[in-house]
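Novice: Just protein20.csv, nothing more (CSV, C-alpha atoms and all ligand atoms):
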```csv
chain,number,residue,atom,x,y,z
O,1,MET,CA,-18.1,-3.5,-6.9
O,2,ASN,CA,-15.1,-3.3,-4.5
O,3,GLU,CA,-12.6,-4.3,-7.2
O,4,PRO,CA,-9.2,-5.2,-5.8
O,5,LEU,CA,-6.8,-2.3,-5.5
O,6,LEU,CA,-3.8,-4.5,-6.1
O,7,VAL,CA,-3.4,-8.0,-7.4
O,8,ALA,CA,0.0,-9.7,-7.4
O,9,GLN,CA,0.3,-13.0,-9.3
O,10,GLY,CA,3.2,-15.5,-9.4
O,11,LEU,CA,5.8,-13.0,-8.2
O,12,LYS,CA,9.3,-14.5,-8.3
O,13,LYS,CA,12.5,-12.7,-7.5
O,14,THR,CA,16.0,-14.1,-7.8
O,15,PHE,CA,19.1,-12.0,-7.1
O,16,ALA,CA,21.9,-13.2,-9.3
O,17,SER,CA,25.5,-12.3,-9.5
O,18,PRO,CA,28.2,-14.2,-11.5
O,19,THR,CA,29.1,-16.2,-8.5
O,20,ARG,CA,25.8,-16.9,-6.7
O,21,GLU,CA,22.1,-16.9,-7.1
O,22,VAL,CA,19.5,-16.2,-4.3
O,23,GLU,CA,15.9,-17.2,-5.1
O,24,VAL,CA,14.0,-15.1,-2.6
O,25,LEU,CA,10.4,-15.1,-3.9
O,26,LYS,CA,9.1,-18.3,-5.5
O,27,GLY,CA,5.5,-17.5,-6.5
O,28,VAL,CA,3.8,-14.9,-4.3
O,29,ASP,CA,0.1,-14.3,-4.9
O,30,LEU,CA,-1.7,-11.5,-3.1
O,31,THR,CA,-5.0,-9.7,-3.6
O,32,VAL,CA,-5.6,-6.4,-1.7
O,33,ARG,CA,-9.0,-4.7,-1.5
O,34,PRO,CA,-9.4,-0.9,-1.0
O,35,GLY,CA,-9.3,-0.1,2.6
O,36,GLU,CA,-7.9,-3.4,3.6
O,37,SER,CA,-5.1,-3.7,6.2
O,38,ILE,CA,-2.6,-6.5,5.8
O,39,CYS,CA,0.3,-7.5,8.0
O,40,ILE,CA,3.2,-9.5,6.6
O,41,LEU,CA,5.3,-11.6,9.0
O,42,GLY,CA,8.3,-13.7,8.5
O,43,VAL,CA,11.8,-14.4,9.9
O,44,SER,CA,14.8,-12.2,8.9
O,45,GLY,CA,16.0,-12.7,5.4
O,46,THR,CA,12.9,-14.4,4.0
O,47,GLY,CA,12.2,-11.6,1.5
O,48,LYS,CA,9.7,-9.3,3.2
O,49,SER,CA,11.5,-6.1,2.1
O,50,THR,CA,12.1,-7.5,-1.3
O,51,LEU,CA,8.3,-8.2,-1.7
O,52,LEU,CA,7.3,-4.8,-0.4
O,53,HIS,CA,9.7,-3.1,-2.8
O,54,ILE,CA,8.2,-5.0,-5.7
O,55,LEU,CA,4.6,-4.2,-4.6
O,56,GLY,CA,5.7,-0.6,-4.4
O,57,THR,CA,7.2,-0.8,-7.9
O,58,LEU,CA,10.7,0.2,-6.5
O,59,ASP,CA,12.1,-3.1,-7.8
O,60,VAL,CA,11.0,-5.4,-10.6
O,61,PRO,CA,10.1,-9.1,-10.2
O,62,THR,CA,12.1,-11.8,-12.1
O,63,ASP,CA,8.7,-13.2,-13.0
O,64,GLY,CA,5.0,-12.5,-12.3
O,65,THR,CA,2.7,-9.4,-12.5
O,66,VAL,CA,1.5,-6.6,-10.3
O,67,GLN,CA,-1.8,-5.0,-11.2
O,68,PHE,CA,-3.0,-1.8,-9.6
O,69,GLU,CA,-6.6,-1.0,-10.2
O,70,GLY,CA,-6.5,-3.5,-13.1
O,71,LYS,CA,-3.4,-1.9,-14.7
O,72,ASP,CA,-0.2,-3.8,-15.2
O,73,VAL,CA,2.3,-1.5,-13.5
O,74,PHE,CA,5.4,-3.0,-14.9
O,75,GLY,CA,3.9,-2.4,-18.4
O,76,LEU,CA,4.1,1.4,-17.9
O,77,SER,CA,6.9,3.5,-19.4
O,78,PRO,CA,9.6,4.6,-16.8
O,79,VAL,CA,8.2,8.1,-16.8
O,80,ASP,CA,4.6,6.9,-16.2
O,81,LEU,CA,5.7,4.4,-13.6
O,82,ALA,CA,7.6,7.1,-11.7
O,83,GLU,CA,4.5,9.4,-11.8
O,84,PHE,CA,2.2,6.5,-10.7
O,85,ARG,CA,4.5,5.7,-7.8
O,86,ASN,CA,4.7,9.3,-6.7
O,87,ARG,CA,0.9,9.8,-6.7
O,88,ARG,CA,-0.5,6.5,-5.6
O,89,ILE,CA,1.9,4.8,-3.3
O,90,GLY,CA,3.4,5.9,0.0
O,91,PHE,CA,6.4,4.0,1.2
O,92,VAL,CA,7.9,3.9,4.7
O,93,PHE,CA,11.3,2.2,4.4
O,94,GLN,CA,12.7,-0.2,7.0
O,95,PHE,CA,15.7,2.2,7.4
O,96,HIS,CA,13.8,5.4,6.8
O,97,TYR,CA,16.0,7.1,4.1
O,98,LEU,CA,15.3,10.7,4.8
O,99,LEU,CA,17.5,13.0,2.8
O,100,PRO,CA,20.2,14.1,5.3
O,101,GLU,CA,20.9,17.5,3.9
O,102,PHE,CA,17.3,18.6,4.0
O,103,THR,CA,15.1,19.6,7.0
O,104,ALA,CA,12.2,17.6,8.2
O,105,LEU,CA,9.8,20.0,6.5
O,106,GLU,CA,11.7,19.8,3.2
O,107,ASN,CA,11.8,16.0,3.3
O,108,VAL,CA,8.1,15.9,3.6
O,109,MET,CA,7.5,18.5,0.9
O,110,MET,CA,9.8,16.6,-1.6
O,111,PRO,CA,7.2,14.3,-3.2
O,112,ALA,CA,4.9,17.3,-3.9
O,113,LEU,CA,7.7,19.4,-5.3
O,114,ILE,CA,8.7,16.5,-7.6
O,115,ALA,CA,5.0,16.5,-8.8
O,116,ARG,CA,5.3,20.3,-9.4
O,117,THR,CA,2.9,21.3,-6.7
O,118,PRO,CA,3.4,25.0,-5.9
O,119,ALA,CA,5.9,25.3,-3.0
O,120,ALA,CA,3.5,27.3,-0.8
O,121,LYS,CA,0.8,24.7,-1.1
O,122,ALA,CA,3.3,21.8,-0.5
O,123,LYS,CA,4.6,23.6,2.6
O,124,LYS,CA,1.2,24.1,4.1
O,125,ARG,CA,0.3,20.4,3.7
O,126,ALA,CA,3.7,19.2,4.9
O,127,GLU,CA,3.4,21.4,8.1
O,128,ALA,CA,-0.1,19.9,8.7
O,129,LEU,CA,1.2,16.4,8.3
O,130,LEU,CA,4.1,17.0,10.6
O,131,GLU,CA,1.8,18.4,13.1
O,132,ARG,CA,-0.4,15.3,12.8
O,133,VAL,CA,2.5,12.9,13.4
O,134,GLY,CA,3.6,15.0,16.4
O,135,VAL,CA,6.8,16.5,15.0
O,136,ALA,CA,5.6,20.1,14.4
O,137,HIS,CA,8.2,21.4,16.8
O,138,ARG,CA,11.1,20.0,14.7
O,139,LEU,CA,10.3,21.5,11.3
O,140,THR,CA,13.7,22.9,10.6
O,141,HIS,CA,15.7,20.0,12.1
O,142,LYS,CA,17.7,17.8,9.7
O,143,PRO,CA,17.4,14.0,10.1
O,144,GLY,CA,20.7,13.8,12.0
O,145,GLU,CA,19.2,16.2,14.6
O,146,LEU,CA,16.1,14.1,15.1
O,147,SER,CA,15.6,11.1,17.3
O,148,GLY,CA,14.9,7.7,15.7
O,149,GLY,CA,11.2,7.9,16.5
O,150,GLU,CA,11.0,11.5,15.1
O,151,GLN,CA,12.7,10.4,11.9
O,152,GLN,CA,10.3,7.5,11.6
O,153,ARG,CA,7.3,9.9,12.0
O,154,VAL,CA,8.8,12.3,9.4
O,155,ALA,CA,9.1,9.3,7.1
O,156,ILE,CA,5.4,8.5,7.6
O,157,ALA,CA,4.4,12.2,7.0
O,158,ARG,CA,6.5,12.1,3.7
O,159,ALA,CA,4.8,8.9,2.6
O,160,LEU,CA,1.4,10.5,3.2
O,161,MET,CA,2.2,13.8,1.4
O,162,MET,CA,0.6,12.8,-1.9
O,163,SER,CA,-2.5,11.2,-0.3
O,164,PRO,CA,-1.6,7.8,-1.6
O,165,ALA,CA,-4.1,5.0,-2.2
O,166,LEU,CA,-1.7,2.5,-0.7
O,167,LEU,CA,0.7,2.8,2.2
O,168,LEU,CA,3.5,0.3,2.3
O,169,ALA,CA,5.4,0.3,5.6
O,170,ASP,CA,8.4,-1.9,6.3
O,171,GLU,CA,8.8,-2.5,10.0
O,172,PRO,CA,7.8,1.1,10.7
O,173,THR,CA,8.3,0.7,14.5
O,174,GLY,CA,11.1,-1.8,14.4
O,175,ASN,CA,13.6,0.4,16.2
O,176,LEU,CA,11.3,2.3,18.5
O,177,ASP,CA,10.6,2.0,22.2
O,178,PRO,CA,7.2,0.5,23.0
O,179,GLU,CA,5.6,3.8,23.9
O,180,THR,CA,6.7,5.6,20.7
O,181,ALA,CA,5.8,2.4,18.7
O,182,ARG,CA,2.3,2.6,20.1
O,183,THR,CA,1.9,6.2,19.0
O,184,VAL,CA,3.0,5.3,15.5
O,185,HIS,CA,0.7,2.3,15.4
O,186,GLU,CA,-2.2,4.3,16.4
O,187,LEU,CA,-1.4,6.9,13.7
O,188,ILE,CA,-1.2,4.2,11.0
O,189,LEU,CA,-4.4,2.4,12.1
O,190,SER,CA,-6.3,5.7,12.4
O,191,LEU,CA,-5.4,6.5,8.8
O,192,ASN,CA,-6.8,3.2,7.8
O,193,GLU,CA,-10.0,3.5,9.8
O,194,LYS,CA,-10.8,7.2,9.2
O,195,GLU,CA,-9.4,7.7,5.7
O,196,ASN,CA,-9.8,4.2,4.3
O,197,LEU,CA,-6.1,4.2,3.5
O,198,THR,CA,-5.1,0.7,2.3
O,199,LEU,CA,-2.2,-0.7,4.3
O,200,ILE,CA,0.4,-3.4,3.8
O,201,VAL,CA,2.7,-3.4,6.8
O,202,VAL,CA,5.7,-5.7,7.6
O,203,SER,CA,5.7,-6.0,11.3
O,204,HIS,CA,6.5,-8.5,14.1
O,205,ASN,CA,4.5,-6.5,16.6
O,206,PRO,CA,1.5,-8.6,17.7
O,207,GLU,CA,-0.2,-5.4,19.0
O,208,LEU,CA,-0.3,-4.0,15.5
O,209,ALA,CA,-0.9,-7.3,13.7
O,210,ASN,CA,-4.0,-8.0,15.9
O,211,PHE,CA,-5.6,-4.7,14.7
O,212,MET,CA,-5.2,-5.5,11.1
O,213,ASP,CA,-7.7,-7.3,8.8
O,214,SER,CA,-5.4,-10.1,7.8
O,215,ALA,CA,-1.9,-11.4,8.3
O,216,TYR,CA,0.3,-13.5,6.0
O,217,ARG,CA,3.6,-15.2,6.7
O,218,LEU,CA,6.3,-15.1,4.1
O,219,SER,CA,8.0,-18.5,4.3
O,220,SER,CA,10.1,-20.4,1.7
O,221,GLY,CA,9.3,-17.8,-0.9
O,222,VAL,CA,5.5,-17.9,-0.7
O,223,LEU,CA,2.8,-16.1,1.3
O,224,VAL,CA,0.8,-18.3,3.6
O,225,PRO,CA,-2.3,-16.9,5.5
O,226,GLU,CA,-1.4,-16.7,9.2
O,227,LYS,CA,-3.7,-18.6,11.6
O,228,GLN,CA,-5.6,-16.6,14.2
O,229,LEU,CA,-3.3,-14.1,15.8
O,230,GLN,CA,-3.0,-13.9,19.5
O,231,PRO,CA,-6.2,-12.7,21.3
X,301,LIG,N1,20.4,-6.7,-4.0
X,301,LIG,C1,20.5,-8.0,-3.5
X,301,LIG,N2,21.4,-8.8,-4.0
X,301,LIG,C2,21.6,-10.1,-3.5
X,301,LIG,N3,20.8,-10.6,-2.5
X,301,LIG,C3,19.9,-9.8,-2.0
X,301,LIG,C4,19.7,-8.4,-2.4
X,301,LIG,N4,18.7,-7.9,-1.7
X,301,LIG,C5,18.3,-8.9,-0.8
X,301,LIG,N5,19.0,-10.0,-1.0
X,301,LIG,C6,18.9,-11.2,-0.2
X,301,LIG,O1,17.5,-11.6,-0.3
X,301,LIG,C7,17.1,-12.1,1.0
X,301,LIG,C8,15.9,-11.4,1.4
X,301,LIG,O2,16.2,-10.1,1.8
X,301,LIG,P1,15.1,-9.1,2.4
X,301,LIG,O3,15.8,-7.8,2.7
X,301,LIG,O4,13.9,-9.0,1.5
X,301,LIG,O5,14.7,-9.9,3.7
X,301,LIG,P2,13.7,-9.4,4.9
X,301,LIG,O6,12.7,-10.5,5.1
X,301,LIG,O7,13.2,-8.1,4.7
X,301,LIG,O8,14.7,-9.5,6.2
X,301,LIG,P3,14.7,-8.6,7.5
X,301,LIG,O9,13.6,-9.1,8.4
X,301,LIG,O10,16.0,-8.9,8.1
X,301,LIG,O11,14.5,-7.1,7.1
X,301,LIG,C9,18.3,-12.0,1.9
X,301,LIG,O12,18.9,-13.3,2.1
X,301,LIG,C10,19.2,-11.1,1.2
X,301,LIG,O13,20.6,-11.4,1.5
X,302,MG,MG,13.5,-6.3,5.7
```
Show me, as structure tokens, the structure contained in the file I just sent.
Specialist:
Amino acid sequence: MNEPLLVAQGLKKTFASPTREVEVLKGVDLTVRPGESICILGVSGTGKSTLLHILGTLDVPTDGTVQFEGKDVFGLSPVDLAEFRNRRIGFVFQFHYLLPEFTALENVMMPALIARTPAAKAKKRAEALLERVGVAHRLTHKPGELSGGEQQRVAIARALMMSPALLLADEPTGNLDPETARTVHELILSLNEKENLTLIVVSHNPELANFMDSAYRLSSGVLVPEKQLQP
């Protein structure tokens, strides 16, 4: 029992243009079990966002495979892959990418509307999620009318809209003050503990990393288990 949720094997990624080639990932292996929480560390430019995008099927590897519940995700048709991503994966981007012309509430509802959930039902859930992340008083604000921390929390609510099996978060508190960062950390960790949401988080924050099951460092294009984190 307890089959892996995700298995990545031999992931390579090279960005090539006619004038240059950047080999970012050189053979990344990772096994993630349901309910596990994993922190990914690494200096700027080592490929953490690139890796997270591939694990979230937002980008394709140059080589290697990603299996989700035993299924090769890059073997799916584009339509099936988009549906799989919408339903099973929540993504919090490094630079949160809310849609600027829509309100906080509409941004959170969007994944459900794409999945053709009736609008009234989507609205109810989106409101509940925004309440949970502490932004219920800003439902009709557009991203430009929200603070950085509020935008980040709206992005987390949006990622949770479809009750994903896996939440991928790319430095979710990178631009926040320590107090707001702590609130966001507590939220993410409580989702993991109470709802068994599987987490892969890129973060340099030792406070968060210490609360996670395991940590890896992305270095020279491969993932290396990180030694004991700070006590
Ligand atoms: N589309 C692209 N084309 C060419 N090179 C790219 C592309 N995307 C990323 N890179 C390069 O790949 C490397 C890894 O980028 P990535 O964004 O994954 O790093 P990162 O570890 O997330 O860094 P940071 O901590 O600064 O967010 C960088 O050197 C970057 O310049
Ligand atoms: Mg990054």
Novice: Please extract the residues at most 12 Å from ligand MG 302 (chain X), counting only C-alpha atoms and all ligand atoms, and provide them as number ranges by chain, using the chain letters and residue numbers of this document.
Specialist: O: 40-53, 92-96, 169-172, 174, 201-204, 218
Novice: Please compute the atom CA of Val60 of chain O-atom CA of Asn86 of chain O distance, one decimal, in Å.
Specialist: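 Interatomic distance here is 16.5 Å.
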Novice: Can you list, as a list in words, every protein, DNA or RNA residue that comes within 9 Å of segment 61-66 of chain O when you count only C-alpha atoms, leaving out same-chain residues fewer than 4 positions away?
Specialist: Leu6, Val7, Ala8, Gln9, Gly10, Leu11, Lys12, Lys13, Thr14, Phe15, Leu25, Gly27, Val28, Leu51, Ile54, Leu55, Thr57, Lys71, Asp72, Val73 and Phe74 of chain O
Novice: Counting all atoms listed in the file, which residues in segment 42-153 of chain O sit no more than 8 Å from segment 160-163 of chain O? For each one, give the nearest pair of atoms and the distance in Å, sorted by chain then residue number, as CSV.
Specialist:
```
residue,atom,partner,partner_atom,distance
O:Asn86,CA,O:Met162,CA,7.2
O:Arg87,CA,O:Met162,CA,5.7
O:Arg88,CA,O:Ser163,CA,7.4
O:Gly90,CA,O:Leu160,CA,5.9
O:Val108,CA,O:Met161,CA,6.6
O:Met109,CA,O:Met161,CA,7.1
O:Pro111,CA,O:Met161,CA,6.8
O:Ala112,CA,O:Met162,CA,6.5
O:Arg125,CA,O:Met161,CA,7.2
O:Ala126,CA,O:Met161,CA,6.6
O:Leu129,CA,O:Met161,CA,7.4
```
Novice: Using Å and a single decimal, report how far atom CA of Arg138 of chain O sits from atom CA of Ala165 of chain O.
Specialist: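 Atom CA of Arg138 of chain O lies 27.2 Å from atom CA of Ala165 of chain O.
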Novice: Distance atom CA of Gly134 of chain O-atom CA of Arg153 of chain O, one decimal place?
Specialist: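 Taking atom CA of Gly134 of chain O as the start and atom CA of Arg153 of chain O as the end point, the length is 7.7 Å.
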Novice: Using all atoms listed in the file, which residues sit within 12 Å of Val184 of chain O once same-chain residues fewer than 3 positions away are excluded, as a VMD selection string?
Specialist: chain O and resid 92 132 to 135 149 to 157 169 171 to 181 187 to 191 205 207 to 208
Novice: Within 8 Å of Gly56 of chain O, counting all atoms listed in the file, which residues qualify if same-chain residues fewer than 5 places away don't, as a tab-separated table (two decimals) with C-alpha atoms, in the coordinates of the input?
Specialist:
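Output (part.tsv):
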```
chain	number	residue	atom	x	y	z
O	85	ARG	CA	4.50	5.70	-7.80
O	89	ILE	CA	1.90	4.80	-3.30
O	91	PHE	CA	6.40	4.00	1.20
O	168	LEU	CA	3.50	0.30	2.30
```
Novice: Between O:Pro18, O:Gly70, O:Pro225, O:Gly144, which is the closest to ligand LIG 301 (chain X) once you count all atoms listed in the file?
Specialist: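 Among the listed residues, O:Pro18 lies closest to ligand LIG 301 (chain X).
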Novice: Which is closer to ligand LIG 301 (chain X) than all the others in O:Phe102, O:Glu21, O:Glu83, O:Pro4, using only C-alpha atoms and all ligand atoms?
Specialist: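 Using only C-alpha atoms and all ligand atoms, ligand LIG 301 (chain X) sits closest to O:Glu21.
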